[in-house]
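Student: My structure is in entry-v5.cif, and what it holds is mmCIF, C-alpha atoms:
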```cif
data_data
#
loop_
_atom_site.label_atom_id
_atom_site.label_comp_id
_atom_site.auth_asym_id
_atom_site.auth_seq_id
_atom_site.Cartn_x
_atom_site.Cartn_y
_atom_site.Cartn_z
CA MET O 442 -3.05 21.50 -8.82
CA LYS O 443 -4.68 18.07 -8.49
CA LEU O 444 -6.89 16.50 -11.16
CA ARG O 445 -9.84 14.57 -9.75
CA LEU O 446 -10.93 12.27 -12.58
CA ALA O 447 -13.94 9.96 -12.84
CA ILE O 448 -13.83 7.04 -15.28
CA ILE O 449 -17.14 5.32 -16.05
CA GLY O 450 -16.53 1.67 -16.94
CA ALA O 451 -13.87 -0.61 -15.39
CA GLY O 452 -13.15 -2.79 -18.42
CA PRO O 453 -9.80 -2.76 -20.24
CA ALA O 454 -10.50 0.66 -21.83
CA GLY O 455 -11.12 2.38 -18.48
CA ILE O 456 -8.29 0.63 -16.64
CA TYR O 457 -5.78 1.36 -19.43
CA ALA O 458 -6.84 5.03 -19.49
CA ALA O 459 -6.24 5.27 -15.72
CA ASP O 460 -2.86 3.57 -16.00
CA ILE O 461 -1.71 5.72 -18.93
CA LEU O 462 -2.72 8.94 -17.17
CA LEU O 463 -0.90 7.97 -13.97
CA LYS O 464 2.29 7.27 -15.97
CA HIS O 465 1.89 10.35 -18.20
CA ASP O 466 4.32 13.27 -17.98
CA ARG O 467 1.76 15.79 -16.83
CA GLY O 468 3.06 18.27 -14.20
CA PHE O 469 0.15 17.85 -11.75
CA ASP O 470 -1.17 15.27 -9.28
CA VAL O 471 -4.00 12.91 -10.20
CA SER O 472 -6.68 11.13 -8.19
CA ILE O 473 -8.81 8.62 -10.16
CA ASP O 474 -12.12 6.96 -9.29
CA LEU O 475 -13.34 4.13 -11.53
CA PHE O 476 -17.09 3.51 -11.52
CA GLU O 477 -18.43 0.14 -12.70
CA SER O 478 -22.08 -0.91 -13.02
CA LEU O 479 -21.21 -4.52 -12.14
CA PRO O 480 -19.86 -5.62 -8.75
CA ALA O 481 -16.69 -6.96 -10.45
CA PRO O 482 -14.24 -5.19 -12.79
CA TYR O 483 -12.73 -6.17 -16.20
CA GLY O 484 -15.81 -5.70 -18.39
CA LEU O 485 -15.89 -7.83 -21.53
CA VAL O 486 -12.73 -9.70 -20.53
CA ARG O 487 -14.79 -11.23 -17.70
CA TYR O 488 -18.20 -11.17 -19.40
CA GLY O 489 -17.49 -11.26 -23.15
CA VAL O 490 -14.73 -13.82 -23.65
CA ALA O 491 -15.56 -17.54 -23.82
CA PRO O 492 -14.50 -19.41 -20.66
CA ASP O 493 -12.26 -21.79 -22.64
CA HIS O 494 -9.96 -18.91 -23.67
CA PRO O 495 -7.30 -19.02 -20.94
CA ARG O 496 -4.76 -17.18 -23.11
CA ILE O 497 -7.06 -14.21 -23.64
CA LYS O 498 -8.05 -14.37 -19.97
CA GLY O 499 -4.36 -13.69 -19.30
CA ILE O 500 -5.17 -10.06 -20.09
CA ILE O 501 -6.82 -9.99 -16.65
CA THR O 502 -3.37 -10.52 -15.10
CA ALA O 503 -2.15 -7.27 -16.68
CA LEU O 504 -5.32 -5.41 -15.65
CA ARG O 505 -5.04 -6.79 -12.12
CA GLU O 506 -1.50 -5.42 -11.79
CA VAL O 507 -2.83 -1.93 -12.59
CA VAL O 508 -5.75 -1.92 -10.15
CA ASP O 509 -3.78 -3.69 -7.40
CA ARG O 510 -1.15 -0.92 -7.24
CA GLY O 511 -3.59 0.94 -5.01
CA ASP O 512 -3.48 4.32 -6.77
CA ILE O 513 -6.94 3.92 -8.39
CA ARG O 514 -10.17 3.64 -6.40
CA ILE O 515 -12.90 1.33 -7.74
CA PHE O 516 -16.59 1.79 -7.00
CA GLY O 517 -18.45 -1.31 -8.22
CA ASN O 518 -22.21 -1.88 -8.45
CA VAL O 519 -22.69 1.84 -9.26
CA LEU O 520 -24.66 2.63 -12.42
CA TYR O 521 -24.12 5.96 -14.16
CA GLY O 522 -27.47 7.62 -14.83
CA ARG O 523 -29.17 5.90 -11.89
CA ASP O 524 -26.84 5.99 -8.88
CA ILE O 525 -24.64 8.85 -10.03
CA SER O 526 -25.46 11.66 -12.47
CA LEU O 527 -23.52 14.06 -14.70
CA ASP O 528 -24.30 16.85 -12.19
CA ASP O 529 -22.79 14.71 -9.40
CA LEU O 530 -19.64 14.25 -11.47
CA LYS O 531 -19.37 18.00 -12.12
CA ARG O 532 -19.70 18.68 -8.40
CA HIS O 533 -16.90 16.28 -7.40
CA TYR O 534 -14.52 15.96 -10.38
CA HIS O 535 -12.64 18.06 -12.91
CA ALA O 536 -13.40 15.69 -15.80
CA VAL O 537 -14.89 12.33 -16.77
CA ILE O 538 -13.84 9.65 -19.25
CA PHE O 539 -16.60 7.34 -20.48
CA SER O 540 -15.34 3.83 -21.28
CA THR O 541 -18.66 1.99 -21.19
CA GLY O 542 -17.95 -0.21 -24.22
CA ALA O 543 -20.57 -1.79 -26.45
CA VAL O 544 -22.54 -4.73 -25.12
CA ARG O 545 -25.75 -4.93 -27.17
CA ASP O 546 -26.14 -6.97 -30.37
CA ALA O 547 -26.11 -4.99 -33.59
CA ASP O 548 -29.30 -5.41 -35.61
CA LEU O 549 -29.64 -7.63 -38.67
CA ASP O 550 -32.50 -6.33 -40.77
CA ILE O 551 -33.90 -9.45 -42.49
CA PRO O 552 -37.39 -11.00 -42.33
CA GLY O 553 -37.93 -13.44 -39.47
CA ILE O 554 -35.00 -12.25 -37.35
CA ASP O 555 -37.39 -11.65 -34.40
CA LEU O 556 -38.95 -15.13 -34.45
CA PRO O 557 -38.83 -17.32 -31.32
CA GLY O 558 -35.56 -19.24 -31.52
CA SER O 559 -33.66 -16.34 -33.08
CA TYR O 560 -31.11 -14.84 -30.68
CA GLY O 561 -28.41 -12.21 -30.44
CA ALA O 562 -25.02 -13.81 -29.85
CA ALA O 563 -24.08 -11.10 -27.30
CA ASP O 564 -26.99 -12.24 -25.11
CA PHE O 565 -25.82 -15.86 -25.38
CA VAL O 566 -22.26 -14.79 -24.47
CA SER O 567 -23.59 -12.93 -21.41
CA TRP O 568 -25.46 -16.08 -20.37
CA TYR O 569 -22.54 -18.48 -20.70
CA ASP O 570 -20.17 -15.99 -19.02
CA GLY O 571 -22.46 -15.71 -15.99
CA HIS O 572 -23.44 -12.04 -16.37
CA PRO O 573 -25.59 -11.25 -13.30
CA ASP O 574 -28.24 -9.30 -15.25
CA TYR O 575 -29.18 -12.14 -17.64
CA PRO O 576 -31.48 -15.15 -17.07
CA ARG O 577 -29.91 -18.23 -15.46
CA THR O 578 -31.29 -20.55 -18.14
CA TRP O 579 -30.97 -20.63 -21.92
CA PRO O 580 -33.20 -22.56 -24.39
CA LEU O 581 -30.96 -25.26 -25.89
CA THR O 582 -33.56 -27.51 -27.52
CA ALA O 583 -32.33 -27.00 -31.11
CA GLN O 584 -30.60 -29.89 -32.90
CA SER O 585 -29.46 -27.79 -35.85
CA VAL O 586 -28.32 -24.18 -35.37
CA ALA O 587 -27.30 -21.34 -37.70
CA VAL O 588 -24.73 -18.76 -36.56
CA ILE O 589 -24.62 -15.67 -38.78
CA GLY O 590 -21.29 -13.85 -38.83
CA ASN O 591 -17.60 -14.40 -39.48
CA GLY O 592 -15.91 -12.68 -36.54
CA ASN O 593 -14.50 -14.04 -33.28
CA VAL O 594 -17.86 -13.80 -31.48
CA ALA O 595 -19.47 -15.98 -34.18
CA LEU O 596 -16.77 -18.61 -33.71
CA ASP O 597 -17.02 -18.40 -29.90
CA THR O 598 -20.79 -18.90 -30.15
CA ALA O 599 -20.44 -21.82 -32.55
CA ARG O 600 -17.71 -23.45 -30.44
CA MET O 601 -19.65 -23.11 -27.18
CA LEU O 602 -22.72 -24.67 -28.85
CA ALA O 603 -20.79 -27.54 -30.47
CA LYS O 604 -18.29 -28.38 -27.73
CA HIS O 605 -19.05 -31.19 -25.30
CA PRO O 606 -19.72 -29.48 -21.94
CA GLU O 607 -17.49 -31.81 -19.90
CA ASP O 608 -14.56 -30.41 -21.90
CA LEU O 609 -15.41 -26.98 -20.43
CA LEU O 610 -15.16 -28.18 -16.82
CA PRO O 611 -11.51 -27.13 -16.26
CA THR O 612 -12.55 -23.53 -17.08
CA GLU O 613 -14.44 -20.96 -14.99
CA ILE O 614 -17.81 -21.87 -16.55
CA PRO O 615 -20.66 -21.19 -14.08
CA GLU O 616 -22.49 -24.24 -12.72
CA ASN O 617 -25.87 -23.27 -14.23
CA VAL O 618 -24.24 -22.89 -17.67
CA TYR O 619 -22.57 -26.31 -17.49
CA GLU O 620 -25.92 -27.88 -16.55
CA GLY O 621 -27.68 -26.03 -19.37
CA LEU O 622 -25.15 -27.12 -21.99
CA GLN O 623 -25.29 -30.72 -20.73
CA ALA O 624 -28.98 -30.81 -21.64
CA SER O 625 -28.38 -29.34 -25.14
CA ALA O 626 -29.84 -31.31 -28.06
CA VAL O 627 -27.41 -29.87 -30.62
CA THR O 628 -25.83 -32.07 -33.30
CA ASP O 629 -25.05 -29.56 -36.07
CA VAL O 630 -23.89 -25.93 -35.96
CA HIS O 631 -23.71 -24.03 -39.27
CA VAL O 632 -21.65 -20.80 -39.44
CA PHE O 633 -22.49 -18.48 -42.35
CA GLY O 634 -20.20 -15.72 -43.66
CA ARG O 635 -21.13 -13.29 -46.44
CA ARG O 636 -17.65 -13.16 -47.93
CA GLY O 637 -14.99 -15.72 -48.78
CA PRO O 638 -12.67 -17.66 -46.45
CA MET O 639 -9.79 -15.23 -47.06
CA GLN O 640 -11.89 -12.19 -46.05
CA VAL O 641 -13.00 -13.41 -42.61
CA LYS O 642 -12.83 -11.22 -39.50
CA PHE O 643 -11.83 -13.91 -37.02
CA THR O 644 -8.23 -14.60 -35.99
CA PRO O 645 -6.15 -17.74 -36.76
CA LEU O 646 -6.16 -18.56 -33.03
CA GLU O 647 -9.97 -18.66 -32.94
CA LEU O 648 -10.10 -20.79 -36.07
CA ARG O 649 -7.53 -23.31 -34.85
CA GLU O 650 -9.49 -23.83 -31.63
CA LEU O 651 -12.45 -25.14 -33.62
CA GLY O 652 -10.32 -27.98 -34.95
CA GLU O 653 -9.18 -28.98 -31.46
CA MET O 654 -12.63 -29.92 -30.16
CA ARG O 655 -13.08 -33.54 -29.11
CA ASP O 656 -15.70 -35.56 -31.02
CA VAL O 657 -16.69 -32.63 -33.24
CA ASP O 658 -16.11 -32.73 -37.01
CA VAL O 659 -15.34 -29.38 -38.64
CA ILE O 660 -16.79 -29.53 -42.16
CA VAL O 661 -15.80 -27.16 -44.97
CA TYR O 662 -17.14 -27.18 -48.53
CA GLU O 663 -14.93 -27.39 -51.62
CA GLU O 664 -17.09 -24.92 -53.58
CA ASP O 665 -15.83 -22.14 -51.26
CA PHE O 666 -12.15 -22.58 -52.17
CA ASP O 667 -11.96 -21.52 -55.81
CA TYR O 668 -9.88 -18.44 -54.92
CA ASP O 669 -9.93 -15.25 -56.98
CA GLN O 670 -6.85 -13.07 -57.46
CA ALA O 671 -7.73 -10.83 -54.48
CA SER O 672 -7.78 -13.88 -52.18
CA LEU O 673 -4.49 -15.20 -53.58
CA SER O 674 -2.88 -11.77 -53.07
CA ALA O 675 -4.18 -11.66 -49.47
CA ILE O 676 -2.58 -15.06 -48.76
CA GLU O 677 0.76 -13.82 -50.11
CA SER O 678 0.76 -10.45 -48.37
CA ASN O 679 -0.92 -11.04 -45.01
CA LYS O 680 0.50 -13.48 -42.46
CA GLN O 681 -2.83 -13.97 -40.67
CA VAL O 682 -4.61 -14.79 -43.93
CA PHE O 683 -1.76 -17.15 -44.86
CA VAL O 684 -2.25 -19.07 -41.58
CA ILE O 685 -6.05 -19.17 -42.00
CA ASP O 686 -5.60 -20.63 -45.50
CA LYS O 687 -3.17 -23.21 -44.13
CA VAL O 688 -5.61 -24.31 -41.40
CA LEU O 689 -8.56 -24.55 -43.79
CA THR O 690 -6.45 -26.46 -46.34
CA GLN O 691 -5.61 -29.04 -43.66
CA TRP O 692 -9.28 -29.38 -42.77
CA ARG O 693 -10.24 -29.92 -46.39
CA ALA O 694 -8.10 -33.07 -46.36
CA ARG O 695 -9.49 -34.40 -43.07
CA GLU O 696 -11.74 -37.43 -42.92
CA VAL O 697 -15.10 -36.57 -41.36
CA GLY O 698 -18.23 -38.54 -40.46
CA LYS O 699 -17.34 -40.29 -37.20
CA ALA O 700 -17.98 -37.51 -34.64
CA SER O 701 -21.30 -37.15 -32.81
CA ARG O 702 -21.41 -33.41 -33.52
CA ARG O 703 -20.59 -31.35 -36.58
CA LEU O 704 -19.58 -27.72 -37.07
CA HIS O 705 -20.08 -26.55 -40.67
CA LEU O 706 -18.35 -23.46 -42.12
CA HIS O 707 -20.23 -21.88 -45.04
CA PHE O 708 -18.68 -18.95 -46.94
CA TYR O 709 -20.15 -16.75 -49.70
CA ALA O 710 -23.53 -16.82 -47.92
CA LYS O 711 -25.53 -13.58 -47.63
CA PRO O 712 -28.41 -13.76 -45.09
CA ILE O 713 -31.81 -13.32 -46.73
CA GLU O 714 -34.45 -14.59 -44.29
CA VAL O 715 -35.14 -16.61 -41.15
CA ILE O 716 -37.99 -19.04 -41.84
CA GLY O 717 -40.65 -20.01 -39.30
CA THR O 718 -43.81 -18.82 -37.57
CA PRO O 719 -44.54 -17.41 -34.10
CA GLU O 720 -46.03 -20.83 -33.25
CA THR O 721 -43.26 -23.09 -34.60
CA GLY O 722 -40.37 -20.74 -34.01
CA VAL O 723 -37.38 -20.94 -36.35
CA THR O 724 -37.49 -23.76 -38.92
CA GLY O 725 -34.95 -22.62 -41.51
CA PHE O 726 -32.39 -20.11 -42.73
CA VAL O 727 -32.32 -18.74 -46.29
CA TYR O 728 -29.24 -17.22 -47.89
CA GLU O 729 -28.06 -16.03 -51.27
CA ARG O 730 -24.87 -17.53 -52.63
CA THR O 731 -22.35 -14.74 -53.33
CA GLU O 732 -19.15 -14.65 -55.39
CA PRO O 733 -15.99 -12.51 -55.46
CA ASP O 734 -16.46 -9.16 -57.23
CA GLY O 735 -12.78 -8.92 -58.24
CA SER O 736 -11.80 -6.23 -55.73
CA GLY O 737 -11.93 -8.07 -52.41
CA GLY O 738 -15.72 -7.78 -51.96
CA VAL O 739 -18.63 -9.95 -53.06
CA ARG O 740 -21.75 -9.70 -55.21
CA GLY O 741 -24.93 -11.76 -55.28
CA THR O 742 -25.30 -14.63 -57.74
CA GLY O 743 -29.10 -14.88 -57.52
CA GLU O 744 -28.81 -18.48 -56.29
CA ILE O 745 -30.99 -18.89 -53.18
CA ARG O 746 -30.43 -21.74 -50.73
CA ARG O 747 -32.17 -22.93 -47.59
CA VAL O 748 -30.84 -24.85 -44.60
CA ASP O 749 -33.22 -26.43 -42.08
CA VAL O 750 -32.33 -25.18 -38.60
CA ASP O 751 -34.17 -24.91 -35.27
CA ALA O 752 -32.39 -21.78 -33.98
CA VAL O 753 -30.47 -18.79 -35.33
CA TYR O 754 -27.79 -16.72 -33.57
CA ARG O 755 -26.76 -13.42 -35.12
CA ALA O 756 -23.16 -12.44 -34.41
CA VAL O 757 -22.90 -9.39 -36.64
CA GLY O 758 -21.26 -7.08 -34.13
CA TYR O 759 -21.82 -5.20 -30.89
CA PHE O 760 -23.49 -1.82 -30.50
CA GLY O 761 -23.08 0.96 -27.94
CA SER O 762 -25.81 2.28 -25.62
CA PRO O 763 -26.63 5.96 -24.99
CA LEU O 764 -25.54 7.65 -21.76
CA PRO O 765 -27.80 10.11 -19.91
CA GLY O 766 -26.80 13.72 -20.57
CA ILE O 767 -24.08 12.79 -23.09
CA PRO O 768 -24.32 13.27 -26.90
CA PHE O 769 -24.90 9.99 -28.77
CA ASP O 770 -24.66 8.93 -32.41
CA LYS O 771 -27.61 6.53 -32.83
CA LYS O 772 -26.50 5.41 -36.27
CA HIS O 773 -23.05 4.21 -35.21
CA GLY O 774 -23.70 3.49 -31.53
CA VAL O 775 -20.88 5.74 -30.29
CA VAL O 776 -20.39 8.99 -28.37
CA PRO O 777 -19.44 11.58 -31.05
CA ASN O 778 -15.88 12.75 -30.43
CA HIS O 779 -12.68 14.15 -31.84
CA GLU O 780 -9.82 11.88 -30.72
CA GLY O 781 -11.67 11.23 -27.47
CA GLN O 782 -12.88 14.79 -26.84
CA VAL O 783 -16.69 14.52 -26.79
CA LEU O 784 -18.53 16.73 -29.30
CA ASP O 785 -22.06 18.15 -29.09
CA LYS O 786 -24.48 18.32 -32.03
CA ASP O 787 -22.81 21.52 -33.28
CA ASN O 788 -19.45 19.69 -33.39
CA THR O 789 -18.08 21.83 -30.57
CA ILE O 790 -16.04 20.22 -27.78
CA VAL O 791 -17.97 19.46 -24.57
CA SER O 792 -15.83 20.68 -21.66
CA GLY O 793 -14.65 18.04 -19.22
CA VAL O 794 -16.14 15.03 -21.05
CA TYR O 795 -14.03 12.39 -22.83
CA ALA O 796 -14.48 8.89 -24.28
CA THR O 797 -12.25 5.90 -24.89
CA GLY O 798 -12.63 2.30 -26.07
CA TRP O 799 -15.59 0.96 -28.03
CA ILE O 800 -17.99 3.74 -26.96
CA LYS O 801 -15.49 6.09 -28.64
CA ARG O 802 -14.62 4.24 -31.86
CA GLY O 803 -17.16 1.43 -32.19
CA PRO O 804 -16.68 -2.28 -31.48
CA VAL O 805 -13.60 -2.91 -33.60
CA GLY O 806 -10.03 -3.87 -32.82
CA LEU O 807 -8.31 -5.92 -30.17
CA ILE O 808 -6.84 -5.08 -26.76
CA GLY O 809 -3.78 -3.42 -28.34
CA HIS O 810 -6.01 -0.88 -30.08
CA THR O 811 -7.62 -0.08 -26.72
CA LYS O 812 -4.25 1.03 -25.31
CA SER O 813 -3.41 3.40 -28.20
CA ASP O 814 -6.98 4.66 -28.07
CA ALA O 815 -6.63 5.52 -24.36
CA MET O 816 -3.30 7.24 -25.02
CA GLU O 817 -4.95 9.57 -27.55
CA THR O 818 -7.80 10.47 -25.18
CA VAL O 819 -5.50 11.00 -22.18
CA SER O 820 -3.19 13.27 -24.23
CA HIS O 821 -6.12 15.61 -24.90
CA LEU O 822 -7.29 15.46 -21.28
CA VAL O 823 -3.84 16.53 -20.02
CA LYS O 824 -3.63 19.45 -22.49
CA ASP O 825 -7.22 20.61 -21.83
CA GLN O 826 -6.67 21.95 -18.33
CA ALA O 827 -8.34 25.27 -19.20
CA ASN O 828 -11.56 23.39 -20.14
CA TRP O 829 -11.87 21.19 -17.07
CA TRP O 830 -14.84 21.58 -14.76
CA ALA O 831 -14.54 23.58 -11.53
CA PRO O 832 -15.96 21.17 -8.89
CA SER O 833 -17.42 22.66 -5.73
CA ASP O 834 -16.34 19.67 -3.59
CA PRO O 835 -13.48 17.66 -5.11
CA SER O 836 -12.53 15.89 -1.87
CA GLU O 837 -12.08 12.13 -2.08
CA GLU O 838 -14.29 11.59 0.97
CA ALA O 839 -17.26 13.41 -0.59
CA ILE O 840 -18.06 10.71 -3.16
CA VAL O 841 -18.03 7.93 -0.54
CA ALA O 842 -20.32 9.96 1.69
CA MET O 843 -22.71 10.65 -1.21
CA LEU O 844 -22.99 6.98 -2.21
CA ARG O 845 -23.56 5.94 1.42
CA GLU O 846 -26.14 8.66 1.92
CA ARG O 847 -28.05 7.34 -1.11
CA GLY O 848 -27.96 3.79 0.27
CA ILE O 849 -26.01 2.42 -2.71
CA ASP O 850 -24.42 -0.98 -2.03
CA PHE O 851 -21.15 -0.16 -3.70
CA THR O 852 -18.17 -2.51 -3.74
CA ASN O 853 -14.48 -1.57 -3.70
CA LEU O 854 -11.11 -3.12 -4.55
CA ASP O 855 -10.93 -5.08 -1.28
CA GLY O 856 -14.41 -6.34 -2.07
CA TRP O 857 -13.31 -7.52 -5.51
CA HIS O 858 -10.35 -9.35 -3.94
CA ALA O 859 -12.79 -11.08 -1.56
CA LEU O 860 -15.07 -12.14 -4.43
CA ASP O 861 -12.09 -13.22 -6.55
CA SER O 862 -10.72 -15.40 -3.74
CA HIS O 863 -14.18 -16.84 -3.07
CA GLU O 864 -14.66 -17.88 -6.73
CA ILE O 865 -11.19 -19.47 -6.88
CA ALA O 866 -11.90 -21.38 -3.65
CA LEU O 867 -15.21 -22.65 -5.08
CA GLY O 868 -13.34 -24.10 -8.06
CA GLU O 869 -10.40 -25.67 -6.19
CA PRO O 870 -12.10 -28.89 -4.92
CA HIS O 871 -13.18 -29.62 -8.51
CA GLY O 872 -9.83 -28.85 -10.13
CA ARG O 873 -11.30 -25.79 -11.84
CA ALA O 874 -9.82 -22.32 -12.35
CA ARG O 875 -12.78 -20.79 -10.51
CA ILE O 876 -16.55 -21.10 -10.36
CA LYS O 877 -18.14 -17.74 -11.04
CA VAL O 878 -20.72 -16.38 -8.64
CA VAL O 879 -23.62 -15.29 -10.86
CA PRO O 880 -26.40 -13.58 -8.79
CA ARG O 881 -25.69 -9.87 -8.31
CA ASP O 882 -26.88 -9.77 -4.68
CA GLU O 883 -24.59 -12.69 -3.82
CA MET O 884 -21.63 -10.98 -5.55
CA VAL O 885 -22.28 -7.81 -3.54
CA LYS O 886 -22.69 -9.68 -0.25
CA ILE O 887 -19.40 -11.59 -0.68
CA SER O 888 -17.62 -8.39 -1.77
CA GLN O 889 -18.89 -6.36 1.15
CA SER O 890 -17.80 -9.07 3.61
CA GLY O 891 -14.23 -8.28 2.58
CA GLN O 892 -14.46 -4.48 2.60
#
```
For the file at hand, write its structure as structure tokens.

Tutor:
Amino acid sequence: MKLRLAIIGAGPAGIYAADILLKHDRGFDVSIDLFESLPAPYGLVRYGVAPDHPRIKGIITALREVVDRGDIRIFGNVLYGRDISLDDLKRHYHAVIFSTGAVRDADLDIPGIDLPGSYGAADFVSWYDGHPDYPRTWPLTAQSVAVIGNGNVALDTARMLAKHPEDLLPTEIPENVYEGLQASAVTDVHVFGRRGPMQVKFTPLELRELGEMRDVDVIVYEEDFDYDQASLSAIESNKQVFVIDKVLTQWRAREVGKASRRLHLHFYAKPIEVIGTPETGVTGFVYERTEPDGSGGVRGTGEIRRVDVDAVYRAVGYFGSPLPGIPFDKKHGVVPNHEGQVLDKDNTIVSGVYATGWIKRGPVGLIGHTKSDAMETVSHLVKDQANWWAPSDPSEEAIVAMLRERGIDFTNLDGWHALDSHEIALGEPHGRARIKVVPRDEMVKISQSGQ
């Protein structure tokens, strides 16, 4: 018996699932095809992590080792629902795992959030990471900017806005992004979090990086550091919170006022409204001052404040997108499932269909969670042999023939190696890690030259 498995999405979730299955004690052979809508693999590690994060980019090294073993086929530039359907998968595979992630911005339901000059942080991240399906330019005319959120994406957004662009040159920042940031008018970036400094969602690593920026003052406000008992207990019991407190305490003692740019951290700030008009765009941000409620949460104080800003970025989380022919939970932005086994609206298991990663559990957790998540899904897949599909043509050649017949410009692993080498070569004369190729047609052309 040989399992022919399709995995939709070649980010960490999909690659880890493939790797775990191949190493699993299973008693049958496996042949895996990874389908990716972009011409290049690695998902949000390539297109969702700020370019000045070389340590996190190191995850790519581990992913590369998996795909370079040669026991997984990759079909890039193939979009599920357009180029390949659920019926196609049933014809050629015994099962499918969806690992399509979550790439859209979650909504923030406050007045004015749709004004010109109000943006989703995920869109900004896609721009500065050179995602091929986003515009090449970004409006950076604002002097004063509000970033709403207290997770890692909020800090990435704030850092990329505040940092001097020449300090990004050693990274893989695309040329159009460097030029765009060079023209930025920004002087002040304000980050607003609803809860206190000891309840933040970002990591100590992300926080420390803010304080390492050249010619940028990080400004914190003393009124935010009158800790309640819940915060004091968190400092004592949680190492990450302890480190965050230590970093913020150091910043409170720093002298500020000499840098040309400022990054302000505001805590206990609940978003109320974005001020402006369709003609002027964003002119201000209104928030309610909150306070600890005694049990680790916050409550409103009734005190309303306004900060004059020219742009607002909401970084309140990512959200999944529905997949054609697959059940979808619109409220939570996930595929409904039991430990990775996809469920229909009657809560019965859908044969042959599985999920892993953020489309399975929502956009929470780090790379380590993605591995344990994939393990859970793969364990069910291996045990579910009786519920697999019965494909009429499971041959490995059939899928290549089908894509060619449809005229789909797919890329493969050799193609990714060609693109990878090309980007590294572009960066070498400038002492840069790589210079990303951004246009999709150019990515495909370079990839196909190496296939």

Student: Carefully work through the PyMOL selection byres ((chain O and resi 853-855) around 8) for this structure and note down the residues it includes, as a ChimeraX atom specification.

Tutor: /O:508-509,514-517,851-852,856-859,888,891-892

Student: When you count only C-alpha atoms, which of these residues is closest to Gly634 in chain O: O:Leu784, O:Leu764, O:Ile448, O:Leu706?

Tutor: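 Among the listed residues, O:Leu706 lies closest to Gly634 in chain O.
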
Student: Within 7 Å of (-14.8, 5.1, -19.6), all atoms listed in the file: residues as a ChimeraX atom specification?

Tutor: /O:448-450,454-455,538-541,796-797

Student: Take the residues that were just selected and, keeping C-alpha atoms, output them as a PDB file, in the coordinates of the input.

Tutor:
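Contents of again.pdb, freshly written:
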```pdb
ATOM      1  CA  ILE O 448     -13.830   7.040 -15.280  1.00  0.00           C
ATOM      2  CA  ILE O 449     -17.140   5.320 -16.050  1.00  0.00           C
ATOM      3  CA  GLY O 450     -16.530   1.670 -16.940  1.00  0.00           C
ATOM      4  CA  ALA O 454     -10.500   0.660 -21.830  1.00  0.00           C
ATOM      5  CA  GLY O 455     -11.120   2.380 -18.480  1.00  0.00           C
ATOM      6  CA  ILE O 538     -13.840   9.650 -19.250  1.00  0.00           C
ATOM      7  CA  PHE O 539     -16.600   7.340 -20.480  1.00  0.00           C
ATOM      8  CA  SER O 540     -15.340   3.830 -21.280  1.00  0.00           C
ATOM      9  CA  THR O 541     -18.660   1.990 -21.190  1.00  0.00           C
ATOM     10  CA  ALA O 796     -14.480   8.890 -24.280  1.00  0.00           C
ATOM     11  CA  THR O 797     -12.250   5.900 -24.890  1.00  0.00           C
TER      12      THR O 797
END
```

Student: Give me, please, the distance in Å between CA of Phe769 in chain O and CA of Ala831 in chain O, quoted to one decimal.

Tutor: 24.3 Å

Student: To one decimal in Å, tell me the separation between CA of Asp656 in chain O and CA of Ala700 in chain O.

Tutor: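 Separation between CA of Asp656 in chain O and CA of Ala700 in chain O: 4.7 Å.
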
Student: Would you kindly translate the PyMOL selection byres ((chain O and resi 650) around 12) into the concrete residues it picks from this file, as a ChimeraX atom specification?

Tutor: /O:491,493-496,593,596-597,599-601,603-604,643-649,651-655,657,659,685,688

Student: Using CA of Ile473 in chain O and CA of Asp512 in chain O as the two end points, give the distance in Å to one decimal.

Tutor: 7.6 Å

Student: Considering all atoms listed in the file, return as a list in words whatever protein or nucleic-acid residues lie within 10 Å of Pro733 in chain O, sequence-local ones (same chain, fewer than 4 positions apart) excluded.

Tutor: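 Contacts, with the query itself left out: Arg636, Gly637, Asp667, Tyr668, Asp669, Gln670, Ala671, Ser672, Tyr709, Gly737, Gly738, Val739, Arg740, Gly741 and Thr742 of chain O.
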
Student: For the structure provided, state which residues fall under the PyMOL selection byres ((chain O and resi 774) around 7), and present them as a list in words.

Tutor: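 What the PyMOL selection byres ((chain O and resi 774) around 7) grabs from the file is Phe760, Gly761, Ser762, Asp770, Lys771, Lys772, His773, Val775 and Gly803 of chain O.
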
Student: Please list, as a list in words, the residues that have an atom at most 8 Å away from (-20.0, -6.6, -37.5) in the coordinates of this file, counting all atoms listed in the file.

Tutor: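 These residues have at least one counted atom within 8 Å: Ala547, Gly590, Gly592, Ala756, Val757, Gly758 and Tyr759 of chain O.
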
Student: Can you tell me which residues surround range 563-577 of chain O at a distance of at most 6 Å, considering all atoms listed in the file, apart from same-chain residues fewer than 4 positions away, and format the answer as a list in words?

Tutor: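 Result of the neighbour search: Tyr488, Asp546, Val618, Val879, Pro880 and Arg881 of chain O.
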
Student: List the neighbours of Gly798 in chain O out to 12 Å using all atoms listed in the file; skip same-chain residues closer than 4 positions along the sequence, and give me the result as number ranges by chain.

Tutor: O: 448-458, 484-485, 538-543, 761, 775-776, 778, 780-781, 802-819

Student: For Thr582 in chain O, which of O:Glu677, O:Leu479, O:Asp751, O:Asp470 is the closest residue, counting all atoms listed in the file?

Tutor: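 Counting all atoms listed in the file, the residue closest to Thr582 in chain O is O:Asp751.
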
Student: Would you kindly return, as a PyMOL selection string, each protein, DNA or RNA residue with an atom no farther than 9 Å from any atom of Glu837 in chain O, considering all atoms listed in the file and excluding same-chain residues fewer than 2 positions away?

Tutor: chain O and resi 445+472+474+533+834-835+839-841
